[in-house]
$ cat input.cif   # mmCIF, C-alpha atoms and all ligand atoms
data_upload
#
loop_
_atom_site.label_atom_id
_atom_site.label_comp_id
_atom_site.auth_asym_id
_atom_site.auth_seq_id
_atom_site.Cartn_x
_atom_site.Cartn_y
_atom_site.Cartn_z
CA MET A 126 -1.31 85.77 111.14
CA ALA A 127 -0.89 88.62 113.59
CA THR A 128 -4.23 89.57 115.14
CA ARG A 129 -4.79 93.33 115.02
CA ARG A 130 -6.27 95.12 118.03
CA LEU A 131 -8.80 97.70 116.89
CA ALA A 132 -10.02 100.49 119.16
CA ALA A 133 -13.74 101.13 119.69
CA ASP A 134 -13.65 104.37 117.70
CA ALA A 135 -14.66 105.49 114.20
CA ALA A 136 -11.39 104.27 112.65
CA GLY A 137 -11.63 100.88 114.38
CA ILE A 138 -15.25 100.44 113.33
CA ALA A 139 -14.45 101.33 109.70
CA GLU A 140 -11.46 98.96 109.67
CA ALA A 141 -13.51 96.10 111.19
CA GLY A 142 -16.18 96.65 108.53
CA ALA A 143 -13.59 96.66 105.72
CA LEU A 144 -11.92 93.46 107.01
CA LEU A 145 -15.31 91.71 107.22
CA ARG A 146 -16.25 92.80 103.70
CA ALA A 147 -12.91 91.45 102.45
CA GLY A 148 -13.65 87.99 103.88
CA GLY A 149 -11.64 88.36 107.12
CA LEU A 150 -12.45 87.08 110.61
CA VAL A 151 -13.05 89.83 113.17
CA ALA A 152 -14.00 89.34 116.83
CA ILE A 153 -16.62 91.89 117.82
CA PRO A 154 -18.12 92.71 121.20
CA THR A 155 -21.88 92.38 121.61
CA GLU A 156 -23.96 92.95 124.74
CA THR A 157 -23.98 89.16 125.36
CA VAL A 158 -20.53 87.75 124.55
CA TYR A 159 -17.80 88.45 121.97
CA GLY A 160 -18.69 87.02 118.56
CA LEU A 161 -16.30 85.70 115.92
CA GLY A 162 -17.62 87.49 112.85
CA ALA A 163 -17.38 86.82 109.13
CA ASP A 164 -19.45 87.75 106.07
CA ALA A 165 -22.40 85.33 106.31
CA GLY A 166 -22.73 85.43 102.52
CA ASP A 167 -19.18 84.24 101.85
CA PRO A 168 -18.80 80.46 102.24
CA LYS A 169 -14.99 80.70 102.41
CA ALA A 170 -15.16 83.23 105.24
CA VAL A 171 -17.77 81.13 107.07
CA ALA A 172 -15.62 78.01 106.66
CA ALA A 173 -12.74 79.96 108.23
CA ILE A 174 -14.90 80.50 111.36
CA TYR A 175 -15.26 76.75 111.81
CA ALA A 176 -11.52 76.25 111.29
CA ALA A 177 -10.48 79.00 113.74
CA LYS A 178 -12.87 77.72 116.42
CA GLU A 179 -12.11 74.06 115.68
CA ARG A 180 -15.84 73.43 115.70
CA PRO A 181 -15.96 69.65 115.33
CA ARG A 182 -18.82 69.68 112.88
CA PHE A 183 -20.96 72.14 111.11
CA ASN A 184 -23.41 73.82 113.40
CA PRO A 185 -25.57 76.66 112.02
CA LEU A 186 -24.51 80.19 112.91
CA ILE A 187 -26.46 83.29 113.90
CA ALA A 188 -26.46 86.06 111.27
CA HIS A 189 -26.19 89.52 112.86
CA LEU A 190 -27.84 92.55 111.27
CA PRO A 191 -27.86 96.26 112.13
CA ASP A 192 -31.68 96.58 112.11
CA LEU A 193 -35.00 94.84 111.52
CA ALA A 194 -35.20 96.05 107.90
CA ALA A 195 -31.93 94.27 107.09
CA ALA A 196 -33.12 91.16 108.98
CA ARG A 197 -36.32 91.04 106.94
CA ARG A 198 -34.26 90.68 103.76
CA GLU A 199 -32.85 87.42 105.18
CA GLY A 200 -35.87 85.77 106.77
CA ALA A 201 -39.66 85.55 106.64
CA PHE A 202 -41.23 87.13 109.73
CA GLY A 203 -44.69 85.90 110.68
CA PRO A 204 -46.77 87.77 113.29
CA ASP A 205 -45.02 86.14 116.31
CA ALA A 206 -41.51 86.77 114.99
CA LEU A 207 -42.40 90.35 114.12
CA ALA A 208 -43.90 91.01 117.56
CA LEU A 209 -40.78 89.59 119.26
CA ALA A 210 -38.40 91.53 117.00
CA GLN A 211 -40.27 94.75 117.66
CA ALA A 212 -40.31 94.15 121.42
CA PHE A 213 -36.72 92.98 121.95
CA TRP A 214 -34.52 94.22 119.08
CA PRO A 215 -31.96 95.61 119.34
CA GLY A 216 -31.21 93.15 122.15
CA PRO A 217 -30.18 89.67 123.28
CA LEU A 218 -32.79 87.70 121.31
CA THR A 219 -32.16 85.46 118.27
CA LEU A 220 -35.08 84.50 116.04
CA VAL A 221 -35.00 81.36 113.90
CA VAL A 222 -37.32 81.95 110.93
CA PRO A 223 -37.72 80.51 107.42
CA ALA A 224 -34.82 81.72 105.25
CA ALA A 225 -35.94 84.27 102.66
CA ALA A 226 -35.54 83.45 98.99
CA GLY A 227 -32.81 85.77 97.76
CA GLY A 228 -31.28 86.24 101.23
CA ARG A 229 -27.51 86.61 101.44
CA VAL A 230 -26.81 84.17 104.31
CA CYS A 231 -25.14 81.18 102.64
CA ASP A 232 -26.00 77.51 102.98
CA LEU A 233 -22.90 76.78 105.03
CA ALA A 234 -23.81 79.42 107.64
CA ARG A 235 -27.27 77.80 107.86
CA ALA A 236 -25.75 74.28 107.88
CA GLY A 237 -28.05 73.50 104.97
CA LEU A 238 -31.23 74.18 106.96
CA PRO A 239 -34.25 75.89 105.34
CA SER A 240 -34.32 78.25 108.37
CA VAL A 241 -31.99 81.06 109.41
CA ALA A 242 -31.06 82.44 112.86
CA LEU A 243 -31.14 86.26 112.96
CA ARG A 244 -30.20 88.77 115.62
CA VAL A 245 -29.97 92.56 115.91
CA PRO A 246 -27.59 93.05 118.84
CA GLY A 247 -28.23 95.58 121.59
CA SER A 248 -24.63 96.83 121.54
CA ALA A 249 -24.46 100.11 119.57
CA LEU A 250 -20.80 99.35 118.82
CA ALA A 251 -21.72 95.98 117.31
CA ARG A 252 -24.46 97.59 115.21
CA ALA A 253 -22.00 100.22 113.98
CA VAL A 254 -19.62 97.46 112.81
CA LEU A 255 -22.52 95.63 111.12
CA ALA A 256 -23.57 98.81 109.35
CA ALA A 257 -19.95 99.41 108.25
CA ALA A 258 -19.67 95.82 106.97
CA GLY A 259 -22.87 96.17 104.97
CA CYS A 260 -23.49 92.42 104.98
CA PRO A 261 -25.07 89.97 107.43
CA VAL A 262 -22.31 88.86 109.81
CA ALA A 263 -22.24 85.25 110.99
CA ALA A 264 -20.86 85.14 114.51
CA PRO A 265 -20.67 82.31 117.00
CA SER A 266 -19.11 83.01 120.37
CA ALA A 267 -15.42 83.87 119.86
CA ASN A 268 -13.95 80.95 121.80
CA ARG A 269 -12.42 77.68 120.71
CA SER A 270 -15.09 75.04 120.50
CA GLY A 271 -16.14 73.63 123.87
CA ARG A 272 -14.47 76.37 125.91
CA VAL A 273 -16.16 78.98 128.07
CA SER A 274 -17.65 81.88 126.05
CA PRO A 275 -15.62 85.13 126.07
CA THR A 276 -16.95 88.27 127.75
CA GLU A 277 -13.71 90.29 127.54
CA ALA A 278 -11.20 90.92 124.74
CA ALA A 279 -8.48 89.12 126.72
CA HIS A 280 -10.60 85.94 126.78
CA VAL A 281 -10.87 86.04 122.98
CA LEU A 282 -7.14 86.58 122.51
CA GLY A 283 -6.37 83.74 124.93
CA ASP A 284 -8.24 81.36 122.62
CA LEU A 285 -7.80 82.85 119.15
CA ASP A 286 -4.77 85.19 119.02
CA GLY A 287 -2.96 84.59 115.73
CA ARG A 288 -5.96 82.78 114.20
CA ILE A 289 -8.12 85.80 113.34
CA ALA A 290 -7.50 89.04 111.44
CA ALA A 291 -8.58 91.44 114.18
CA ILE A 292 -10.45 92.07 117.40
CA LEU A 293 -12.40 95.19 118.23
CA ASP A 294 -11.96 95.81 121.95
CA GLY A 295 -15.22 97.08 123.41
CA GLY A 296 -14.50 96.19 127.04
CA ALA A 297 -16.64 93.76 129.05
CA CYS A 298 -19.97 92.47 127.69
CA PRO A 299 -22.75 93.75 129.98
CA VAL A 300 -25.26 90.88 129.71
CA GLY A 301 -22.69 88.08 129.93
CA VAL A 302 -24.75 85.11 128.68
CA GLU A 303 -25.67 84.45 125.05
CA SER A 304 -28.93 85.49 123.41
CA THR A 305 -32.21 83.70 123.99
CA ILE A 306 -33.05 81.69 120.84
CA VAL A 307 -36.71 81.36 119.79
CA ALA A 308 -37.79 79.47 116.67
CA CYS A 309 -40.81 80.93 114.88
CA LEU A 310 -41.39 78.35 112.16
CA ASP A 311 -44.66 76.51 111.69
CA GLY A 312 -46.49 75.86 114.93
CA PRO A 313 -46.08 77.74 118.21
CA PRO A 314 -42.81 79.57 118.99
CA VAL A 315 -40.23 77.26 120.56
CA LEU A 316 -37.56 78.17 123.14
CA LEU A 317 -34.35 76.67 121.70
CA ARG A 318 -31.95 78.23 124.22
CA PRO A 319 -32.59 80.30 127.34
CA GLY A 320 -30.47 83.46 127.33
CA GLY A 321 -30.29 87.19 127.86
CA VAL A 322 -34.03 87.87 127.49
CA PRO A 323 -35.90 86.03 130.28
CA ARG A 324 -38.56 83.54 129.16
CA ALA A 325 -41.32 85.39 131.05
CA ASN A 326 -40.69 88.61 129.08
CA ILE A 327 -41.04 86.73 125.80
CA GLU A 328 -44.17 84.90 126.93
CA ALA A 329 -45.70 88.22 128.01
CA VAL A 330 -45.31 89.56 124.45
CA LEU A 331 -46.59 86.34 122.85
CA GLY A 332 -49.48 86.03 125.28
CA ARG A 333 -48.80 82.31 125.67
CA PRO A 334 -46.13 79.95 126.95
CA LEU A 335 -43.16 79.06 124.74
CA ALA A 336 -43.11 75.46 123.52
CA LEU A 337 -40.22 73.12 124.25
CA PRO A 338 -38.05 71.72 121.46
CA SER A 339 -39.25 68.31 120.33
CA ALA A 340 -36.43 66.09 119.11
CA PRO A 341 -37.76 62.80 117.79
CA ALA A 342 -35.41 59.93 118.71
CA GLY A 343 -32.58 59.51 116.22
CA SER A 344 -33.10 62.90 114.61
CA ALA A 345 -30.53 65.66 114.49
CA PRO A 346 -30.84 68.03 117.47
CA VAL A 347 -33.10 71.01 116.71
CA SER A 348 -30.35 73.36 117.77
CA PRO A 349 -27.07 71.50 117.45
CA GLY A 350 -25.30 73.91 119.80
CA LEU A 351 -27.59 72.68 122.55
CA LEU A 352 -25.47 69.59 123.04
CA ALA A 353 -24.22 68.78 126.49
CA SER A 354 -20.56 69.41 127.36
CA HIS A 355 -20.31 72.94 126.13
CA TYR A 356 -18.75 75.80 128.08
CA ALA A 357 -16.41 73.30 129.66
CA PRO A 358 -13.83 74.46 132.19
CA ARG A 359 -10.93 72.09 132.90
CA ALA A 360 -12.27 71.44 136.41
CA ALA A 361 -15.27 69.21 137.07
CA MET A 362 -18.36 71.07 138.25
CA ARG A 363 -20.54 70.30 141.27
CA LEU A 364 -23.86 72.17 141.14
CA ASP A 365 -26.25 73.24 143.91
CA ALA A 366 -23.46 72.78 146.46
CA THR A 367 -24.37 73.84 149.99
CA GLU A 368 -21.00 72.87 151.43
CA ILE A 369 -17.48 73.38 150.08
CA LEU A 370 -15.14 70.40 150.23
CA SER A 371 -11.41 70.58 150.70
CA GLY A 372 -9.51 71.66 147.56
CA GLU A 373 -12.57 72.89 145.70
CA ALA A 374 -12.98 76.33 144.19
CA ALA A 375 -16.34 77.97 144.94
CA LEU A 376 -18.71 79.96 142.76
CA LEU A 377 -21.16 81.67 145.11
CA PHE A 378 -24.41 83.57 144.75
CA GLY A 379 -26.19 85.76 147.28
CA PRO A 380 -25.35 86.81 150.83
CA ALA A 381 -25.22 83.37 152.49
CA ALA A 382 -21.82 81.71 152.98
CA PRO A 383 -21.86 77.92 152.49
CA ASP A 384 -20.36 75.59 155.09
CA GLY A 385 -16.67 74.96 154.66
CA LEU A 386 -16.02 78.13 152.67
CA ASP A 387 -12.67 78.54 154.44
CA ARG A 388 -11.56 75.31 152.74
CA ALA A 389 -12.02 76.79 149.26
CA LEU A 390 -8.93 77.23 147.09
CA LEU A 391 -10.52 80.39 145.73
CA SER A 392 -14.08 81.68 145.93
CA LEU A 393 -15.89 84.29 143.84
CA ASN A 394 -19.42 85.58 144.36
CA LEU A 395 -21.50 86.16 141.19
CA SER A 396 -23.66 88.65 143.07
CA PRO A 397 -23.44 89.08 146.84
CA ALA A 398 -26.75 90.99 146.63
CA GLY A 399 -28.44 88.07 144.83
CA ASP A 400 -29.05 90.00 141.60
CA LEU A 401 -29.39 87.61 138.63
CA ALA A 402 -28.45 90.19 135.96
CA GLU A 403 -25.24 90.99 137.84
CA ALA A 404 -24.61 87.26 138.23
CA ALA A 405 -25.02 86.64 134.47
CA SER A 406 -22.57 89.41 133.64
CA HIS A 407 -19.90 87.75 135.84
CA LEU A 408 -20.61 84.09 135.03
CA PHE A 409 -18.13 83.24 132.26
CA GLY A 410 -15.32 85.48 133.53
CA TYR A 411 -15.55 84.01 137.03
CA LEU A 412 -15.62 80.46 135.68
CA ARG A 413 -12.39 81.20 133.81
CA ARG A 414 -10.76 82.71 136.91
CA LEU A 415 -11.76 79.82 139.17
CA ASP A 416 -10.60 77.29 136.59
CA ALA A 417 -7.23 79.06 136.30
CA ALA A 418 -6.64 78.42 140.03
CA GLY A 419 -6.39 74.74 139.06
CA PRO A 420 -8.98 73.04 141.33
CA ALA A 421 -10.18 69.50 140.53
CA VAL A 422 -13.73 70.68 141.20
CA ILE A 423 -15.65 73.97 141.07
CA ALA A 424 -18.53 73.86 143.56
CA VAL A 425 -21.43 76.10 142.56
CA ALA A 426 -23.97 77.45 145.05
CA PRO A 427 -27.70 77.06 144.27
CA ILE A 428 -28.95 79.70 141.83
CA PRO A 429 -32.68 80.43 141.44
CA ALA A 430 -34.24 79.42 138.11
CA ASP A 431 -36.36 82.52 137.51
CA GLY A 432 -35.49 85.42 135.18
CA LEU A 433 -31.89 85.25 133.93
CA GLY A 434 -31.38 82.36 136.35
CA GLU A 435 -32.74 79.97 133.71
CA ALA A 436 -29.91 80.89 131.31
CA ILE A 437 -27.28 80.83 134.07
CA ARG A 438 -28.38 77.38 135.24
CA ASP A 439 -28.49 76.12 131.64
CA ARG A 440 -24.85 77.15 131.05
CA LEU A 441 -23.75 75.69 134.39
CA CYS A 442 -25.48 72.36 133.63
CA ARG A 443 -23.65 72.18 130.32
CA ALA A 444 -20.35 73.03 131.98
CA ALA A 445 -21.09 70.16 134.40
CA ALA A 446 -22.06 67.63 131.70
CA PRO A 447 -19.88 64.52 131.38
CA ARG A 448 -17.17 64.86 128.72
O1 LIG B 501 -25.44 85.93 122.08
C1 LIG B 501 -25.26 85.18 121.11
O2 LIG B 501 -26.18 84.58 120.56
C2 LIG B 501 -23.82 85.05 120.59
C3 LIG B 501 -23.38 86.41 120.10
C4 LIG B 501 -22.01 86.39 119.46
O3 LIG B 501 -24.35 86.94 119.22
N1 LIG B 501 -23.71 84.06 119.58
C5 LIG B 501 -23.84 82.71 119.85
O4 LIG B 501 -23.64 81.89 118.75
O5 LIG B 501 -24.09 82.27 120.93
P1 LIG B 501 -23.38 80.33 118.87
O6 LIG B 501 -22.90 79.89 117.52
O7 LIG B 501 -22.52 80.01 120.03
O8 LIG B 501 -24.80 79.73 119.06
C6 LIG B 501 -25.74 79.73 118.02
C7 LIG B 501 -26.82 78.73 118.28
C8 LIG B 501 -26.36 77.31 118.13
O9 LIG B 501 -26.87 76.56 119.23
C9 LIG B 501 -27.01 76.87 116.83
O10 LIG B 501 -27.25 75.49 116.79
C10 LIG B 501 -28.29 77.69 116.84
O11 LIG B 501 -27.87 78.93 117.34
N2 LIG B 501 -28.84 77.88 115.50
C11 LIG B 501 -28.33 78.64 114.50
N3 LIG B 501 -29.10 78.55 113.40
C12 LIG B 501 -30.12 77.74 113.69
C13 LIG B 501 -31.25 77.26 112.96
N4 LIG B 501 -31.46 77.60 111.69
N5 LIG B 501 -32.10 76.43 113.61
C14 LIG B 501 -31.88 76.09 114.90
N6 LIG B 501 -30.84 76.51 115.64
C15 LIG B 501 -29.97 77.32 115.04
MG MG B 502 -20.89 79.24 121.70
#

$ encode --input "input.cif" --output "structure tokens" --more "lines below"
Ligand code: TXA
Ligand code: MG
Amino acid sequence: MATRRLAADAAGIAEAGALLRAGGLVAIPTETVYGLGADAGDPKAVAAIYAAKERPRFNPLIAHLPDLAAARREGAFGPDALALAQAFWPGPLTLVVPAAAGGRVCDLARAGLPSVALRVPGSALARAVLAAAGCPVAAPSANRSGRVSPTEAAHVLGDLDGRIAAILDGGACPVGVESTIVACLDGPPVLLRPGGVPRANIEAVLGRPLALPSAPAGSAPVSPGLLASHYAPRAAMRLDATEILSGEAALLFGPAAPDGLDRALLSLNLSPAGDLAEAASHLFGYLRRLDAAGPAVIAVAPIPADGLGEAIRDRLCRAAAPR
């Protein structure tokens, strides 16, 4: 299948919407990363997402909606979920809530769970495509399973060209790390994945700390995508490196130069000024570029854990996990 390149204009948006409605796979830019979209109500289209990504096993998907009203047709919003949706939507926050009776998101997209993950993206272009599609759009990151998430159209095509109907090219994704996922089920809200909305902002709205996921031994993971060895570059990763060893590539942060920097095969700085939002926006693209230089190891400078640093460190730890 030849993958069509759609422009980010009215015709491209209408075409993306029509392809989605017809059961096609369309990569769409969001403010976080590119998503691989399909009609979340069409099990055949959702199954095609898993096939194109080569996701090894069924992992529930986020359903994307153009606004809160559409989201409320798919899930039951208690007071916490409603407060978070009103504070952060449109934006990089995903809410896991009880699935609504009569919602369109199919069982396969929810991996059979009684809950559903919902998100109204901050990207106006993404919302325009969702409105044109007129259905909830299931969209995991538009990369092959286990690879680094795509923040530019070229990343998507490198992984999926010929496997999907179309890609809407909206340029680079400004946030650069995936959405924060918060479960609002029974009990206190739980942080399932740190992401584009910092934890502190969410806790400020809730007026209390987020709970941690509790996974009783032997049970399925609460959020299956939270497995280790995700976002894996070919190179091994060495985190919190304060010295660069011979033959390593270096991922830097802030104004300080680590010892041995002249030995680096290639070095890129996520944010010379030490700005975590800038660093997040460069993270996945720089990992891909460093990996393409072919080092055995990518050494990563220490990155603070506050604000967006929590999400950046989370993705780096997964990229560093044994595989
Ligand atoms: O920023 C993002 O969230 C991007 C863009 C495209 O929107 N999407 C994304 O999707 O990161 P994906 O499939 O890579 O991650 C979705 C995560 C997975 O970890 C999955 O396990 C979790 O959401 N998830 C989905 N439904 C869930 C549910 N009902 N309960 C718990 N976790 C759920
Ligand atoms: Mg992903």

$ residues_around --input "input.cif" --residues "Val222 (chain A)" --least-positions-apart "5" --cutoff "8 Å" --atoms "all atoms listed in the file" --output "list of chain:residue names"
A:Gly200, A:Ala201, A:Phe202, A:Ala206, A:Ser240, A:Val241, A:Ala242, A:Leu243, A:Ala308, A:Cys309, A:Leu310

$ closest_residue --input "input.cif" --among "A:Gly301, A:Gly332, A:Gly379, A:Gly203" --to "ligand LIG 501 (chain B)" --atoms "all atoms listed in the file"
A:Gly301

$ closest_residue --input "input.cif" --among "A:Glu140, A:Glu179, A:Glu199, A:Asp431" --to "ligand MG 502 (chain B)" --atoms "all atoms listed in the file"
A:Glu179

$ closest_residue --input "input.cif" --among "A:Leu193, A:Ala357, A:Ala291, A:Leu218" --to "Leu145 (chain A)" --atoms "all atoms listed in the file"
A:Ala291

$ atom_distance --input "input.cif" --atom1 "CA of Asp232 (chain A)" --atom2 "CA of Ala290 (chain A)"
23.4 Å

$ residues_around --input "input.cif" --residues "region 223-230 of chain A" --least-positions-apart "2" --cutoff "12 Å" --atoms "all atoms listed in the file" --output "PDB file with C-alpha atoms, keeping the file's coordinate frame"
ATOM      1  CA  ALA A 163     -17.380  86.820 109.130  1.00  0.00           C
ATOM      2  CA  ASP A 164     -19.450  87.750 106.070  1.00  0.00           C
ATOM      3  CA  ALA A 165     -22.400  85.330 106.310  1.00  0.00           C
ATOM      4  CA  GLY A 166     -22.730  85.430 102.520  1.00  0.00           C
ATOM      5  CA  ASP A 167     -19.180  84.240 101.850  1.00  0.00           C
ATOM      6  CA  PRO A 168     -18.800  80.460 102.240  1.00  0.00           C
ATOM      7  CA  ALA A 170     -15.160  83.230 105.240  1.00  0.00           C
ATOM      8  CA  VAL A 171     -17.770  81.130 107.070  1.00  0.00           C
ATOM      9  CA  PRO A 185     -25.570  76.660 112.020  1.00  0.00           C
ATOM     10  CA  LEU A 186     -24.510  80.190 112.910  1.00  0.00           C
ATOM     11  CA  ILE A 187     -26.460  83.290 113.900  1.00  0.00           C
ATOM     12  CA  ALA A 188     -26.460  86.060 111.270  1.00  0.00           C
ATOM     13  CA  HIS A 189     -26.190  89.520 112.860  1.00  0.00           C
ATOM     14  CA  LEU A 190     -27.840  92.550 111.270  1.00  0.00           C
ATOM     15  CA  ALA A 195     -31.930  94.270 107.090  1.00  0.00           C
ATOM     16  CA  ALA A 196     -33.120  91.160 108.980  1.00  0.00           C
ATOM     17  CA  ARG A 197     -36.320  91.040 106.940  1.00  0.00           C
ATOM     18  CA  ARG A 198     -34.260  90.680 103.760  1.00  0.00           C
ATOM     19  CA  GLU A 199     -32.850  87.420 105.180  1.00  0.00           C
ATOM     20  CA  GLY A 200     -35.870  85.770 106.770  1.00  0.00           C
ATOM     21  CA  ALA A 201     -39.660  85.550 106.640  1.00  0.00           C
ATOM     22  CA  PHE A 202     -41.230  87.130 109.730  1.00  0.00           C
ATOM     23  CA  GLY A 203     -44.690  85.900 110.680  1.00  0.00           C
ATOM     24  CA  ALA A 206     -41.510  86.770 114.990  1.00  0.00           C
ATOM     25  CA  LEU A 220     -35.080  84.500 116.040  1.00  0.00           C
ATOM     26  CA  VAL A 221     -35.000  81.360 113.900  1.00  0.00           C
ATOM     27  CA  ASP A 232     -26.000  77.510 102.980  1.00  0.00           C
ATOM     28  CA  LEU A 233     -22.900  76.780 105.030  1.00  0.00           C
ATOM     29  CA  ALA A 234     -23.810  79.420 107.640  1.00  0.00           C
ATOM     30  CA  ARG A 235     -27.270  77.800 107.860  1.00  0.00           C
ATOM     31  CA  ALA A 236     -25.750  74.280 107.880  1.00  0.00           C
ATOM     32  CA  GLY A 237     -28.050  73.500 104.970  1.00  0.00           C
ATOM     33  CA  LEU A 238     -31.230  74.180 106.960  1.00  0.00           C
ATOM     34  CA  PRO A 239     -34.250  75.890 105.340  1.00  0.00           C
ATOM     35  CA  SER A 240     -34.320  78.250 108.370  1.00  0.00           C
ATOM     36  CA  VAL A 241     -31.990  81.060 109.410  1.00  0.00           C
ATOM     37  CA  ALA A 242     -31.060  82.440 112.860  1.00  0.00           C
ATOM     38  CA  LEU A 243     -31.140  86.260 112.960  1.00  0.00           C
ATOM     39  CA  GLY A 259     -22.870  96.170 104.970  1.00  0.00           C
ATOM     40  CA  CYS A 260     -23.490  92.420 104.980  1.00  0.00           C
ATOM     41  CA  PRO A 261     -25.070  89.970 107.430  1.00  0.00           C
ATOM     42  CA  VAL A 262     -22.310  88.860 109.810  1.00  0.00           C
ATOM     43  CA  ALA A 263     -22.240  85.250 110.990  1.00  0.00           C
ATOM     44  CA  ALA A 264     -20.860  85.140 114.510  1.00  0.00           C
ATOM     45  CA  ALA A 308     -37.790  79.470 116.670  1.00  0.00           C
ATOM     46  CA  CYS A 309     -40.810  80.930 114.880  1.00  0.00           C
ATOM     47  CA  LEU A 310     -41.390  78.350 112.160  1.00  0.00           C
ATOM     48  CA  ASP A 311     -44.660  76.510 111.690  1.00  0.00           C
TER      49      ASP A 311
END

$ atom_distance --input "input.cif" --atom1 "CA of Ala436 (chain A)" --atom2 "CA of Arg318 (chain A)"
7.8 Å

$ residues_near_ligand --input "input.cif" --ligand "ligand MG 502 (chain B)" --cutoff "10 Å" --atoms "all atoms listed in the file" --output "number ranges by chain"
A: 158-161, 178, 180, 186, 264-275, 302-303, 350-351, 355-356

$ residues_around --input "input.cif" --residues "Pro215 (chain A)" --least-positions-apart "4" --cutoff "9 Å" --atoms "only C-alpha atoms" --output "count of residues only"
12

$ residues_around --input "input.cif" --residues "Thr128 (chain A)" --least-positions-apart "2" --cutoff "8 Å" --atoms "all atoms listed in the file" --output "count of residues only"
9

$ closest_residue --input "input.cif" --among "A:Val300, A:Ala417, A:Ala141, A:Ala446" --to "ligand LIG 501 (chain B)" --atoms "all atoms listed in the file"
A:Val300

$ atom_distance --input "input.cif" --atom1 "atom C9 of ligand LIG 501 (chain B)" --atom2 "CA of Val315 (chain A)"
13.7 Å

$ closest_residue --input "input.cif" --among "A:Pro323, A:Ile306, A:Ala132, A:Lys169" --to "ligand LIG 501 (chain B)" --atoms "only C-alpha atoms and all ligand atoms"
A:Ile306

$ closest_residue --input "input.cif" --among "A:Gly216, A:Pro427, A:Gly434, A:Gly142" --to "Ser406 (chain A)" --atoms "only C-alpha atoms"
A:Gly434

$ residues_around --input "input.cif" --residues "Ser304 (chain A)" --least-positions-apart "4" --cutoff "8 Å" --atoms "all atoms listed in the file" --output "ChimeraX atom specification"
/A:157,217-219,318-322
